[in-house]
Amino acid sequence: MVTDFPKGKPLSLSKFQQLYSKLTKDSKPDSKILATLIAKRPPLSSRSRMEIYRYAYFARILEVLESDFPQLRKKIGKRPFAKLMREYLAAYPSRYANISEVGKNLSVFLRKKKKSPLANLAALDWEMSLSSFAPSIEHRDFSNLLSLPEDQILKARLYLDPSVRLLKTDSHYLIFGPHGKAQFQTVTPLQYRLIQEIKKHQPLSKLLSLMTRSKISEDFVVQWFTSWSKQGIIAGYE
Amino acid sequence: MKKRDSLFPDLGVGIGFRREFASHFSKQIPHPVSWIEVVTENYMAWENDIQPPAIKTLQRLRKEIPIVLHGVSLSIGSADPLNPSYLKRWKSLIDAVEPAWVSDHLCWTGVNGENLHDLMPLPYTEEALQHVANKIDQVQTFLKRRILIENVSSYVEFNQSAMTEWEFINELLKRADCGLLLDVNNVYVSSKNHGFNPLDYLRAIPRNRVGQIHLAGHSDLGTHLIDTHDEPICEEVWRLYEWSREHFGPVSAMVERDGNFPRWEELEKELLRVKEIQTEVSDYGYRLPQGKAAQPFEISAAL
Ligand SMILES: [Fe+2]
């Protein structure tokens with residue numbers, strides 16, 4: 001039984017956990033708090049014992065962030081990335097059940113720090129990570145769509161692979177990864193708008209009116225849709 | 001004759017289902033697996049997010065095999081109250097998957113709404129005991145089912161603890177009327193890190209409260225052990241499991257592997273060993289005479 005609690009009133013559970021959290025997160029753990037909370041148990045010192053938790057806490061989250069933000073990490077380097085993530089966690093501590101949600105606010109954090117290019121990169125990384133996370137669905141052949149009567153074509157609604165995501169920062173991005181491997185491509189504002197409308201489940205009539213208004217050549221449109229279907233971005237119609 | 005009156009069914013041999021070996025489950029459930037455990041949060045909807053959870057695989061597997069949900073973020077030991085959003089999303093998942101039972105850890109993962117994503121030990125005090133018992137009671141009332149709580153491995157002890165971990169758990173199981181997910185490896189890891197006899201711990205656990213057993217590997221760093229789940233299960237833990245099987249009777253037991261993934265055949269060997277131990281011991285807790293460890297032994301001497 002542990003009996004060497006210093007004389008005086010024991011800490012409340014809440015106070016205890018606040019101090020312990022501080023030990024876990026601070027860059028240098030406070031010796032006084034350490035001595036108050038952690039029992040001395042040779043051969044390991046209290047500091048070494050606490051270090052196991054301090055290391056595990058940050059290493060576990062950093063590993064997830066490194067995997068969710070590969071382009072950002074590559075851009076700024078391993079050590080500066082780790083330092084930046086410490087700052088990020090201090091500003092946006094995780095309040096999420098799933099550790100994969102921790103990076104949710106990174107681009108907002110970077111934007112507030114006036115680091116726009118990095119914020120854009122983080123936003124793209126994040127969308128790609130969400131894209132990979134999407135469930136896979138069965139794709140349906142829709143080559144017969146154009147052989148349907150015109151009124152049915154106009155009423156048809158295309159649907160996208162669940163991995164498709166859109167992002168507008170310094171450019172318009174289309175992100176997708178039908179097999180769990182997300183990739184991105186820059187698209188024109190019109191292409192972006194079309195995908196957005198398909199995502200909203202709008203009928204083909206709405207898409208056609210958008211294209212007519214933009215006076216885009218029919219050849220281009222056919223080329224886009226053929227390519228999107230070949231790449232697995234459009235998954236079918238209903 | 002020892003009679004087993006457990007509150008939980010014995011489902012046989014299980015494994016912590018991970019995507020690294022999911023392909024082995026795509027055509028049929030590999031022998032000798034008869035149930036699986038999955039991490040709750042990996043399939044739960046995200047907070048304030050309409051993104052659907054990837055539970056299709058789970059629902060397919062559920063048609064063939066019992067599933068249990070094992071959480072890491074309930075934070076039952078946190079001084080914070082329970083998180084209503086978490087409970088709601090957990091309940092939706094339970095309704096979708098219909099697990100055999102659900103569990104989480106006897107630990108706290110953060111305070112003031114933060115999640116440090118680590119399983120941190122509690123100070124073993126009367127205040128913490130009553131607080132955790134109350135929270136478990138609230139969870140069980142909300143879910144309308146009894147839950148299991150797992151003992152965690154630890155690397156620190158606290159000055160203000162007034163009882164041992166096993167005294168705390170024993171009392172908690174009574175007060176909260178919940179079950180124990182007994183992680184034998186965690187008992188072993190903590191026994192080495194804090195210098196106690198693992199059998200003192202195991203003997204103190206009420207037999208009918210053990211609903212599930214975890215077996216896993218750890219890393220030996222010389223001065224201490226770390227619960228890494230990335231090594232094979234060590235011989236001492238196997239012996240503790242044999243002892244537990246004899247003492248607690250038929251309890252669902254499973255292998256946890258979370259890193260340094262070996263070929264499936266290696267995991268299969270461990271699963272077969274679990275099966276062998278389960279079969280060697282009769283349902284009444286007596287080791288059959290032809291069992292390979294039939295002679296009496298005292299594990300503490302071997303550790
Ligand atoms: Fe475990």
# chains A, B, ... in the order shown; residues from 1 in each chain; ligands from 1

call {"tool": "residues_near_ligand", "arguments": {"ligand": "ligand 1", "cutoff": "12 Å", "atoms": "only C-alpha atoms and all ligand atoms", "output": "ChimeraX atom specification"}}
result
/B:15-16,37-39,70-72,103-106,119,148-153,180-189,212-218,227-229,253-258

call {"tool": "write_last_selection", "arguments": {"atoms": "N, CA and C atoms", "output": "CSV table (one decimal), in the first residue's frame"}}
result
chain,number,residue,atom,x,y,z
B,15,ILE,N,-10.0,-11.9,-30.9
B,15,ILE,CA,-8.9,-11.1,-31.3
B,15,ILE,C,-9.3,-9.7,-31.5
B,16,GLY,N,-8.4,-8.8,-31.1
B,16,GLY,CA,-8.6,-7.3,-31.4
B,16,GLY,C,-8.5,-7.1,-32.9
B,37,GLU,N,-13.1,-8.1,-31.1
B,37,GLU,CA,-13.2,-6.9,-30.3
B,37,GLU,C,-12.8,-5.8,-31.3
B,38,VAL,N,-13.5,-4.7,-31.3
B,38,VAL,CA,-13.1,-3.5,-32.1
B,38,VAL,C,-13.0,-2.3,-31.2
B,39,VAL,N,-12.2,-1.3,-31.6
B,39,VAL,CA,-12.1,-0.1,-30.9
B,39,VAL,C,-13.3,0.8,-31.2
B,70,HIS,N,-14.9,-1.9,-27.6
B,70,HIS,CA,-13.9,-1.6,-26.6
B,70,HIS,C,-13.5,-0.1,-26.8
B,71,GLY,N,-13.9,0.7,-25.8
B,71,GLY,CA,-13.6,2.1,-26.0
B,71,GLY,C,-12.3,2.6,-25.3
B,72,VAL,N,-11.8,3.8,-25.8
B,72,VAL,CA,-10.6,4.3,-25.2
B,72,VAL,C,-10.8,5.8,-24.8
B,103,SER,N,-17.1,-2.2,-23.4
B,103,SER,CA,-16.1,-2.0,-22.4
B,103,SER,C,-15.3,-0.7,-22.6
B,104,ASP,N,-14.7,-0.2,-21.5
B,104,ASP,CA,-13.7,0.9,-21.6
B,104,ASP,C,-12.7,0.6,-20.5
B,105,HIS,N,-11.9,1.6,-20.3
B,105,HIS,CA,-10.8,1.4,-19.3
B,105,HIS,C,-11.0,2.1,-17.9
B,106,LEU,N,-10.4,1.6,-16.9
B,106,LEU,CA,-10.4,2.2,-15.6
B,106,LEU,C,-9.3,3.2,-15.6
B,119,LEU,N,-4.2,6.6,-21.6
B,119,LEU,CA,-4.9,5.9,-20.5
B,119,LEU,C,-4.2,6.1,-19.2
B,148,LEU,N,-18.2,-3.5,-19.0
B,148,LEU,CA,-16.9,-4.0,-18.4
B,148,LEU,C,-15.9,-2.9,-18.4
B,149,ILE,N,-15.1,-2.9,-17.3
B,149,ILE,CA,-14.1,-1.9,-17.2
B,149,ILE,C,-12.7,-2.6,-17.1
B,150,GLU,N,-11.8,-2.1,-17.9
B,150,GLU,CA,-10.5,-2.8,-18.0
B,150,GLU,C,-9.4,-2.2,-17.1
B,151,ASN,N,-8.7,-3.0,-16.4
B,151,ASN,CA,-7.5,-2.5,-15.6
B,151,ASN,C,-6.4,-2.1,-16.6
B,152,VAL,N,-5.8,-1.0,-16.4
B,152,VAL,CA,-4.8,-0.5,-17.3
B,152,VAL,C,-3.4,-0.8,-16.7
B,153,SER,N,-2.4,-0.8,-17.5
B,153,SER,CA,-1.0,-0.9,-17.0
B,153,SER,C,-0.6,0.5,-16.6
B,180,LEU,N,-15.5,-6.8,-15.0
B,180,LEU,CA,-14.1,-6.5,-15.2
B,180,LEU,C,-13.6,-7.1,-16.5
B,181,LEU,N,-13.0,-6.3,-17.3
B,181,LEU,CA,-12.2,-6.8,-18.5
B,181,LEU,C,-10.8,-7.0,-17.9
B,182,LEU,N,-10.4,-8.2,-17.6
B,182,LEU,CA,-9.1,-8.4,-16.9
B,182,LEU,C,-8.0,-8.5,-18.0
B,183,ASP,N,-7.1,-7.5,-18.0
B,183,ASP,CA,-6.0,-7.6,-18.9
B,183,ASP,C,-4.8,-8.2,-18.1
B,184,VAL,N,-4.5,-9.5,-18.4
B,184,VAL,CA,-3.5,-10.2,-17.6
B,184,VAL,C,-2.1,-9.6,-17.8
B,185,ASN,N,-1.9,-9.2,-19.1
B,185,ASN,CA,-0.6,-8.5,-19.4
B,185,ASN,C,-0.5,-7.2,-18.6
B,186,ASN,N,-1.5,-6.5,-18.5
B,186,ASN,CA,-1.5,-5.2,-17.7
B,186,ASN,C,-1.1,-5.5,-16.2
B,187,VAL,N,-1.7,-6.5,-15.7
B,187,VAL,CA,-1.4,-6.9,-14.3
B,187,VAL,C,0.1,-7.2,-14.2
B,188,TYR,N,0.6,-8.0,-15.2
B,188,TYR,CA,2.0,-8.4,-15.1
B,188,TYR,C,2.9,-7.2,-15.3
B,189,VAL,N,2.6,-6.3,-16.3
B,189,VAL,CA,3.4,-5.1,-16.5
B,189,VAL,C,3.5,-4.2,-15.2
B,212,GLN,N,-14.2,-10.8,-19.4
B,212,GLN,CA,-13.4,-10.9,-20.6
B,212,GLN,C,-11.9,-10.8,-20.2
B,213,ILE,N,-11.0,-11.5,-20.9
B,213,ILE,CA,-9.6,-11.4,-20.6
B,213,ILE,C,-8.8,-10.9,-21.8
B,214,HIS,N,-7.9,-10.0,-21.6
B,214,HIS,CA,-7.0,-9.5,-22.6
B,214,HIS,C,-5.6,-10.2,-22.4
B,215,LEU,N,-5.0,-10.6,-23.5
B,215,LEU,CA,-3.6,-11.1,-23.5
B,215,LEU,C,-2.8,-10.3,-24.5
B,216,ALA,N,-1.7,-9.8,-24.2
B,216,ALA,CA,-0.9,-9.0,-25.1
B,216,ALA,C,0.6,-9.1,-24.8
B,217,GLY,N,1.4,-8.6,-25.7
B,217,GLY,CA,2.8,-8.5,-25.5
B,217,GLY,C,3.2,-7.1,-25.0
B,218,HIS,N,4.4,-7.0,-24.4
B,218,HIS,CA,4.9,-5.7,-23.9
B,218,HIS,C,6.4,-5.6,-24.3
B,227,ASP,N,3.7,-1.3,-21.9
B,227,ASP,CA,2.6,-2.1,-22.5
B,227,ASP,C,2.4,-1.6,-24.0
B,228,THR,N,3.2,-2.2,-24.9
B,228,THR,CA,3.2,-1.8,-26.3
B,228,THR,C,2.3,-2.6,-27.2
B,229,HIS,N,2.0,-3.8,-26.8
B,229,HIS,CA,1.2,-4.6,-27.7
B,229,HIS,C,1.9,-4.9,-29.1
B,253,ALA,N,-11.5,-15.0,-23.9
B,253,ALA,CA,-10.2,-14.4,-23.9
B,253,ALA,C,-9.7,-14.1,-25.3
B,254,MET,N,-8.9,-13.0,-25.4
B,254,MET,CA,-8.5,-12.6,-26.7
B,254,MET,C,-7.1,-12.1,-26.7
B,255,VAL,N,-6.5,-12.0,-27.9
B,255,VAL,CA,-5.2,-11.5,-28.1
B,255,VAL,C,-5.3,-10.1,-28.7
B,256,GLU,N,-4.5,-9.2,-28.1
B,256,GLU,CA,-4.4,-7.8,-28.6
B,256,GLU,C,-3.1,-7.6,-29.3
B,257,ARG,N,-3.1,-7.1,-30.5
B,257,ARG,CA,-1.8,-6.8,-31.2
B,257,ARG,C,-2.0,-5.5,-31.9
B,258,ASP,N,-1.2,-4.5,-31.6
B,258,ASP,CA,-1.4,-3.2,-32.2
B,258,ASP,C,-0.2,-2.6,-32.9

call {"tool": "select_by_dssp", "arguments": {"residues": "stretch 14-119 of chain A", "states": "helix (DSSP H, G or I)", "output": "VMD selection string"}}
result
chain A and resid 14 to 25 31 to 37 46 to 68 70 to 76 78 to 91 99 to 112 116 to 119

call {"tool": "residues_around", "arguments": {"residues": "stretch 11-23 of chain A", "least_positions_apart": "2", "cutoff": "8 Å", "atoms": "only C-alpha atoms", "output": "list in words"}}
result
Lys9, Lys25, Asp26, Lys28, Pro29, Asp30, Ile33, Leu34, Leu37, Met50 and Arg54 of chain A; Ser78, Ala79, Asp80, Gly110, Val111, Asn112, Pro123, Glu127, Ala128 and Gln160 of chain B

call {"tool": "closest_atom_pairs", "arguments": {"of": "chain B", "to": "chain A", "cutoff": "6 Å", "atoms": "only C-alpha atoms", "output": "Markdown table"}}
result
| residue | atom | partner | partner_atom | distance |
| --- | --- | --- | --- | --- |
| B:Glu41 | CA | A:Asn98 | CA | 5.5 |
| B:Ala54 | CA | A:Pro135 | CA | 5.3 |
| B:Ser73 | CA | A:Ala97 | CA | 5.4 |
| B:Ala79 | CA | A:Ser14 | CA | 5.0 |
| B:Gly113 | CA | A:Arg95 | CA | 5.9 |
| B:Glu114 | CA | A:Arg95 | CA | 4.8 |
| B:Asn115 | CA | A:Arg95 | CA | 5.4 |
| B:Tyr155 | CA | A:Arg49 | CA | 5.8 |
| B:Val156 | CA | A:Arg49 | CA | 5.8 |
| B:Glu157 | CA | A:Ala39 | CA | 5.4 |
| B:Phe158 | CA | A:Ile38 | CA | 4.7 |
| B:Asn159 | CA | A:Phe5 | CA | 4.2 |
| B:Gln160 | CA | A:Phe5 | CA | 4.9 |
| B:Ser161 | CA | A:Val2 | CA | 5.9 |
| B:Met163 | CA | A:Met1 | CA | 5.7 |
| B:Thr164 | CA | A:Met1 | CA | 5.5 |

call {"tool": "residues_around", "arguments": {"residues": "B:Val251", "least_positions_apart": "6", "cutoff": "9 Å", "atoms": "only C-alpha atoms", "output": "PyMOL selection string"}}
result
chain B and resi 6+8-12+210-213+245+278

call {"tool": "write_last_selection", "arguments": {"atoms": "N, CA and C atoms", "output": "PDB file, in the first residue's frame"}}
result
ATOM      1  N   SER B   6     -20.722 -16.739 -13.703  1.00  0.00           N
ATOM      2  CA  SER B   6     -20.327 -15.452 -14.272  1.00  0.00           C
ATOM      3  C   SER B   6     -21.524 -14.685 -14.805  1.00  0.00           C
ATOM      4  N   PHE B   8     -21.255 -12.953 -17.414  1.00  0.00           N
ATOM      5  CA  PHE B   8     -21.000 -12.778 -18.848  1.00  0.00           C
ATOM      6  C   PHE B   8     -20.798 -14.124 -19.536  1.00  0.00           C
ATOM      7  N   PRO B   9     -21.246 -14.251 -20.801  1.00  0.00           N
ATOM      8  CA  PRO B   9     -21.089 -15.530 -21.496  1.00  0.00           C
ATOM      9  C   PRO B   9     -19.636 -15.774 -21.922  1.00  0.00           C
ATOM     10  N   ASP B  10     -19.275 -17.040 -22.058  1.00  0.00           N
ATOM     11  CA  ASP B  10     -17.943 -17.372 -22.574  1.00  0.00           C
ATOM     12  C   ASP B  10     -18.051 -17.547 -24.086  1.00  0.00           C
ATOM     13  N   LEU B  11     -17.401 -16.645 -24.826  1.00  0.00           N
ATOM     14  CA  LEU B  11     -17.495 -16.703 -26.291  1.00  0.00           C
ATOM     15  C   LEU B  11     -16.311 -17.436 -26.915  1.00  0.00           C
ATOM     16  N   GLY B  12     -15.375 -17.889 -26.084  1.00  0.00           N
ATOM     17  CA  GLY B  12     -14.228 -18.626 -26.619  1.00  0.00           C
ATOM     18  C   GLY B  12     -13.048 -17.717 -26.914  1.00  0.00           C
ATOM     19  N   VAL B 210     -15.467 -11.282 -13.711  1.00  0.00           N
ATOM     20  CA  VAL B 210     -14.551 -11.232 -14.860  1.00  0.00           C
ATOM     21  C   VAL B 210     -15.298 -11.675 -16.115  1.00  0.00           C
ATOM     22  N   GLY B 211     -15.502 -10.734 -17.031  1.00  0.00           N
ATOM     23  CA  GLY B 211     -16.293 -11.022 -18.221  1.00  0.00           C
ATOM     24  C   GLY B 211     -15.453 -11.242 -19.457  1.00  0.00           C
ATOM     25  N   GLN B 212     -14.209 -10.824 -19.413  1.00  0.00           N
ATOM     26  CA  GLN B 212     -13.356 -10.932 -20.596  1.00  0.00           C
ATOM     27  C   GLN B 212     -11.905 -10.846 -20.152  1.00  0.00           C
ATOM     28  N   ILE B 213     -11.033 -11.504 -20.909  1.00  0.00           N
ATOM     29  CA  ILE B 213      -9.600 -11.444 -20.601  1.00  0.00           C
ATOM     30  C   ILE B 213      -8.837 -10.941 -21.825  1.00  0.00           C
ATOM     31  N   ARG B 245      -7.334 -18.926 -15.961  1.00  0.00           N
ATOM     32  CA  ARG B 245      -8.353 -19.780 -16.580  1.00  0.00           C
ATOM     33  C   ARG B 245      -8.849 -20.799 -15.563  1.00  0.00           C
ATOM     34  N   GLN B 278      -7.905 -22.938 -22.920  1.00  0.00           N
ATOM     35  CA  GLN B 278      -9.343 -22.952 -22.604  1.00  0.00           C
ATOM     36  C   GLN B 278      -9.875 -24.385 -22.581  1.00  0.00           C
TER      37      GLN B 278
END

call {"tool": "residues_around", "arguments": {"residues": "A:His139", "least_positions_apart": "5", "cutoff": "12 Å", "atoms": "only C-alpha atoms", "output": "ChimeraX atom specification"}}
result
/A:158-162,178-179,229-238

call {"tool": "write_last_selection", "arguments": {"atoms": "all heavy atoms", "output": "tab-separated table (two decimals), in the first residue's frame"}}
result
chain	number	residue	atom	x	y	z
A	158	LEU	N	-26.63	12.65	-60.62
A	158	LEU	CA	-25.37	11.91	-60.51
A	158	LEU	C	-24.99	11.84	-59.04
A	158	LEU	O	-25.39	12.71	-58.25
A	158	LEU	CB	-24.25	12.63	-61.26
A	158	LEU	CG	-24.44	12.79	-62.77
A	158	LEU	CD1	-23.34	13.66	-63.35
A	158	LEU	CD2	-24.45	11.43	-63.47
A	159	TYR	N	-24.25	10.83	-58.67
A	159	TYR	CA	-23.69	10.87	-57.31
A	159	TYR	C	-22.20	10.55	-57.34
A	159	TYR	O	-21.71	9.86	-58.23
A	159	TYR	CB	-24.47	10.00	-56.33
A	159	TYR	CG	-24.56	8.54	-56.64
A	159	TYR	CD1	-23.56	7.66	-56.22
A	159	TYR	CD2	-25.64	8.03	-57.34
A	159	TYR	CE1	-23.65	6.31	-56.49
A	159	TYR	CE2	-25.74	6.67	-57.61
A	159	TYR	CZ	-24.73	5.82	-57.19
A	159	TYR	OH	-24.81	4.48	-57.46
A	160	LEU	N	-21.53	11.09	-56.34
A	160	LEU	CA	-20.07	11.03	-56.31
A	160	LEU	C	-19.59	9.91	-55.40
A	160	LEU	O	-20.32	9.46	-54.50
A	160	LEU	CB	-19.51	12.35	-55.77
A	160	LEU	CG	-19.88	13.61	-56.56
A	160	LEU	CD1	-19.50	14.85	-55.76
A	160	LEU	CD2	-19.16	13.62	-57.91
A	161	ASP	N	-18.36	9.52	-55.60
A	161	ASP	CA	-17.74	8.61	-54.64
A	161	ASP	C	-17.66	9.35	-53.30
A	161	ASP	O	-17.37	10.56	-53.28
A	161	ASP	CB	-16.32	8.25	-55.13
A	161	ASP	CG	-15.69	7.22	-54.24
A	161	ASP	OD1	-15.88	6.02	-54.50
A	161	ASP	OD2	-15.01	7.61	-53.26
A	162	PRO	N	-17.92	8.67	-52.16
A	162	PRO	CA	-17.92	9.38	-50.87
A	162	PRO	C	-16.58	10.04	-50.54
A	162	PRO	O	-16.52	10.93	-49.68
A	162	PRO	CB	-18.24	8.28	-49.86
A	162	PRO	CG	-18.81	7.16	-50.64
A	162	PRO	CD	-18.27	7.26	-52.03
A	178	PRO	N	-10.90	6.98	-54.30
A	178	PRO	CA	-11.88	5.88	-54.26
A	178	PRO	C	-11.35	4.61	-53.60
A	178	PRO	O	-12.11	3.82	-53.11
A	178	PRO	CB	-12.21	5.60	-55.73
A	178	PRO	CG	-11.68	6.75	-56.49
A	178	PRO	CD	-10.60	7.39	-55.68
A	179	HIS	N	-10.03	4.44	-53.55
A	179	HIS	CA	-9.52	3.21	-52.93
A	179	HIS	C	-8.71	3.52	-51.68
A	179	HIS	O	-7.73	2.86	-51.37
A	179	HIS	CB	-8.70	2.41	-53.95
A	179	HIS	CG	-9.46	2.17	-55.22
A	179	HIS	ND1	-10.58	1.37	-55.26
A	179	HIS	CD2	-9.32	2.70	-56.46
A	179	HIS	CE1	-11.08	1.40	-56.50
A	179	HIS	NE2	-10.33	2.19	-57.24
A	229	SER	N	-15.73	10.17	-64.64
A	229	SER	CA	-16.29	8.83	-64.46
A	229	SER	C	-15.18	7.79	-64.52
A	229	SER	O	-15.15	6.84	-63.73
A	229	SER	CB	-17.40	8.56	-65.48
A	229	SER	OG	-16.87	8.01	-66.64
A	230	LYS	N	-14.23	7.99	-65.44
A	230	LYS	CA	-13.10	7.04	-65.57
A	230	LYS	C	-12.27	6.99	-64.28
A	230	LYS	O	-11.81	5.94	-63.86
A	230	LYS	CB	-12.19	7.47	-66.72
A	230	LYS	CG	-12.52	6.78	-68.02
A	230	LYS	CD	-11.41	7.01	-69.02
A	230	LYS	CE	-11.85	6.57	-70.40
A	230	LYS	NZ	-11.11	7.29	-71.45
A	231	GLN	N	-12.10	8.17	-63.67
A	231	GLN	CA	-11.28	8.23	-62.44
A	231	GLN	C	-12.04	7.74	-61.21
A	231	GLN	O	-11.46	7.63	-60.13
A	231	GLN	CB	-10.84	9.68	-62.20
A	231	GLN	CG	-9.85	10.19	-63.23
A	231	GLN	CD	-9.50	11.65	-62.93
A	231	GLN	OE1	-8.68	11.93	-62.08
A	231	GLN	NE2	-10.17	12.56	-63.62
A	232	GLY	N	-13.31	7.50	-61.37
A	232	GLY	CA	-14.09	7.02	-60.21
A	232	GLY	C	-14.60	8.15	-59.33
A	232	GLY	O	-14.98	7.92	-58.18
A	233	ILE	N	-14.57	9.37	-59.86
A	233	ILE	CA	-15.07	10.51	-59.06
A	233	ILE	C	-16.61	10.48	-59.05
A	233	ILE	O	-17.23	10.62	-58.00
A	233	ILE	CB	-14.53	11.83	-59.66
A	233	ILE	CG1	-13.01	11.89	-59.43
A	233	ILE	CG2	-15.24	13.04	-59.05
A	233	ILE	CD1	-12.29	12.98	-60.18
A	234	ILE	N	-17.19	10.26	-60.23
A	234	ILE	CA	-18.64	10.07	-60.29
A	234	ILE	C	-18.90	8.57	-60.16
A	234	ILE	O	-18.29	7.75	-60.85
A	234	ILE	CB	-19.22	10.60	-61.63
A	234	ILE	CG1	-18.96	12.10	-61.73
A	234	ILE	CG2	-20.71	10.31	-61.71
A	234	ILE	CD1	-19.37	12.70	-63.07
A	235	ALA	N	-19.78	8.22	-59.24
A	235	ALA	CA	-19.96	6.79	-58.95
A	235	ALA	C	-21.21	6.20	-59.59
A	235	ALA	O	-21.37	4.98	-59.61
A	235	ALA	CB	-20.02	6.58	-57.44
A	236	GLY	N	-22.10	7.05	-60.11
A	236	GLY	CA	-23.31	6.51	-60.74
A	236	GLY	C	-24.38	7.59	-60.85
A	236	GLY	O	-24.10	8.77	-60.62
A	237	TYR	N	-25.58	7.17	-61.17
A	237	TYR	CA	-26.70	8.13	-61.21
A	237	TYR	C	-27.95	7.45	-60.70
A	237	TYR	O	-28.04	6.22	-60.61
A	237	TYR	CB	-26.91	8.67	-62.63
A	237	TYR	CG	-27.58	7.70	-63.58
A	237	TYR	CD1	-28.97	7.68	-63.72
A	237	TYR	CD2	-26.82	6.82	-64.34
A	237	TYR	CE1	-29.58	6.77	-64.58
A	237	TYR	CE2	-27.41	5.92	-65.21
A	237	TYR	CZ	-28.79	5.89	-65.33
A	237	TYR	OH	-29.39	5.00	-66.16
A	238	GLU	N	-28.92	8.27	-60.35
A	238	GLU	CA	-30.19	7.69	-59.91
A	238	GLU	C	-31.34	8.56	-60.37
A	238	GLU	O	-31.14	9.73	-60.71
A	238	GLU	CB	-30.23	7.54	-58.39
A	238	GLU	CG	-29.88	8.79	-57.65
A	238	GLU	CD	-29.48	8.57	-56.19
A	238	GLU	OE1	-29.10	7.45	-55.85
A	238	GLU	OE2	-29.55	9.54	-55.43

call {"tool": "select_by_dssp", "arguments": {"residues": "stretch 78-235 of chain B", "states": "strand (DSSP E or B)", "output": "ChimeraX atom specification"}}
result
/B:102-105,108,120,148-150,158,179-183,210-216,219-220,225-226

call {"tool": "atom_distance", "arguments": {"atom1": "atom CA of B:Cys107", "atom2": "atom CA of B:Val132"}}
result
9.3 Å

call {"tool": "atom_distance", "arguments": {"atom1": "atom CA of A:Ser116", "atom2": "atom CA of A:Met128"}}
result
18.3 Å

call {"tool": "residues_around", "arguments": {"residues": "B:Arg175", "least_positions_apart": "4", "cutoff": "9 Å", "atoms": "only C-alpha atoms", "output": "VMD selection string"}}
result
chain B and resid 129 to 130 133 to 134 137 170 to 171

call {"tool": "residues_around", "arguments": {"residues": "B:Glu270", "least_positions_apart": "4", "cutoff": "9 Å", "atoms": "only C-alpha atoms", "output": "ChimeraX atom specification"}}
result
/B:232-233,255,265-266,274-275

call {"tool": "write_last_selection", "arguments": {"atoms": "N, CA, C and O atoms", "output": "PDB file, in the first residue's frame"}}
result
ATOM      1  N   PRO B 232       5.288 -10.613 -29.077  1.00  0.00           N
ATOM      2  CA  PRO B 232       4.507 -11.804 -28.712  1.00  0.00           C
ATOM      3  C   PRO B 232       4.206 -11.805 -27.212  1.00  0.00           C
ATOM      4  O   PRO B 232       4.929 -11.169 -26.432  1.00  0.00           O
ATOM      5  N   ILE B 233       3.180 -12.516 -26.831  1.00  0.00           N
ATOM      6  CA  ILE B 233       2.825 -12.649 -25.405  1.00  0.00           C
ATOM      7  C   ILE B 233       3.947 -13.433 -24.716  1.00  0.00           C
ATOM      8  O   ILE B 233       4.369 -14.483 -25.214  1.00  0.00           O
ATOM      9  N   VAL B 255      -6.523 -12.020 -27.919  1.00  0.00           N
ATOM     10  CA  VAL B 255      -5.169 -11.507 -28.132  1.00  0.00           C
ATOM     11  C   VAL B 255      -5.267 -10.092 -28.691  1.00  0.00           C
ATOM     12  O   VAL B 255      -6.036  -9.833 -29.612  1.00  0.00           O
ATOM     13  N   GLU B 265       0.133 -16.161 -39.417  1.00  0.00           N
ATOM     14  CA  GLU B 265       0.433 -17.472 -38.828  1.00  0.00           C
ATOM     15  C   GLU B 265       0.962 -17.336 -37.385  1.00  0.00           C
ATOM     16  O   GLU B 265       0.718 -18.191 -36.541  1.00  0.00           O
ATOM     17  N   GLU B 266       1.700 -16.240 -37.136  1.00  0.00           N
ATOM     18  CA  GLU B 266       2.230 -16.031 -35.783  1.00  0.00           C
ATOM     19  C   GLU B 266       1.096 -15.735 -34.804  1.00  0.00           C
ATOM     20  O   GLU B 266       1.076 -16.234 -33.680  1.00  0.00           O
ATOM     21  N   VAL B 274      -4.352 -19.994 -26.833  1.00  0.00           N
ATOM     22  CA  VAL B 274      -5.478 -19.583 -25.972  1.00  0.00           C
ATOM     23  C   VAL B 274      -6.521 -20.705 -25.976  1.00  0.00           C
ATOM     24  O   VAL B 274      -7.013 -21.141 -24.932  1.00  0.00           O
ATOM     25  N   LYS B 275      -6.816 -21.178 -27.168  1.00  0.00           N
ATOM     26  CA  LYS B 275      -7.832 -22.238 -27.334  1.00  0.00           C
ATOM     27  C   LYS B 275      -7.422 -23.485 -26.547  1.00  0.00           C
ATOM     28  O   LYS B 275      -8.242 -24.093 -25.858  1.00  0.00           O
TER      29      LYS B 275
END

call {"tool": "atom_distance", "arguments": {"atom1": "atom CA of A:Ile76", "atom2": "atom CA of A:Gln183"}}
result
20.6 Å
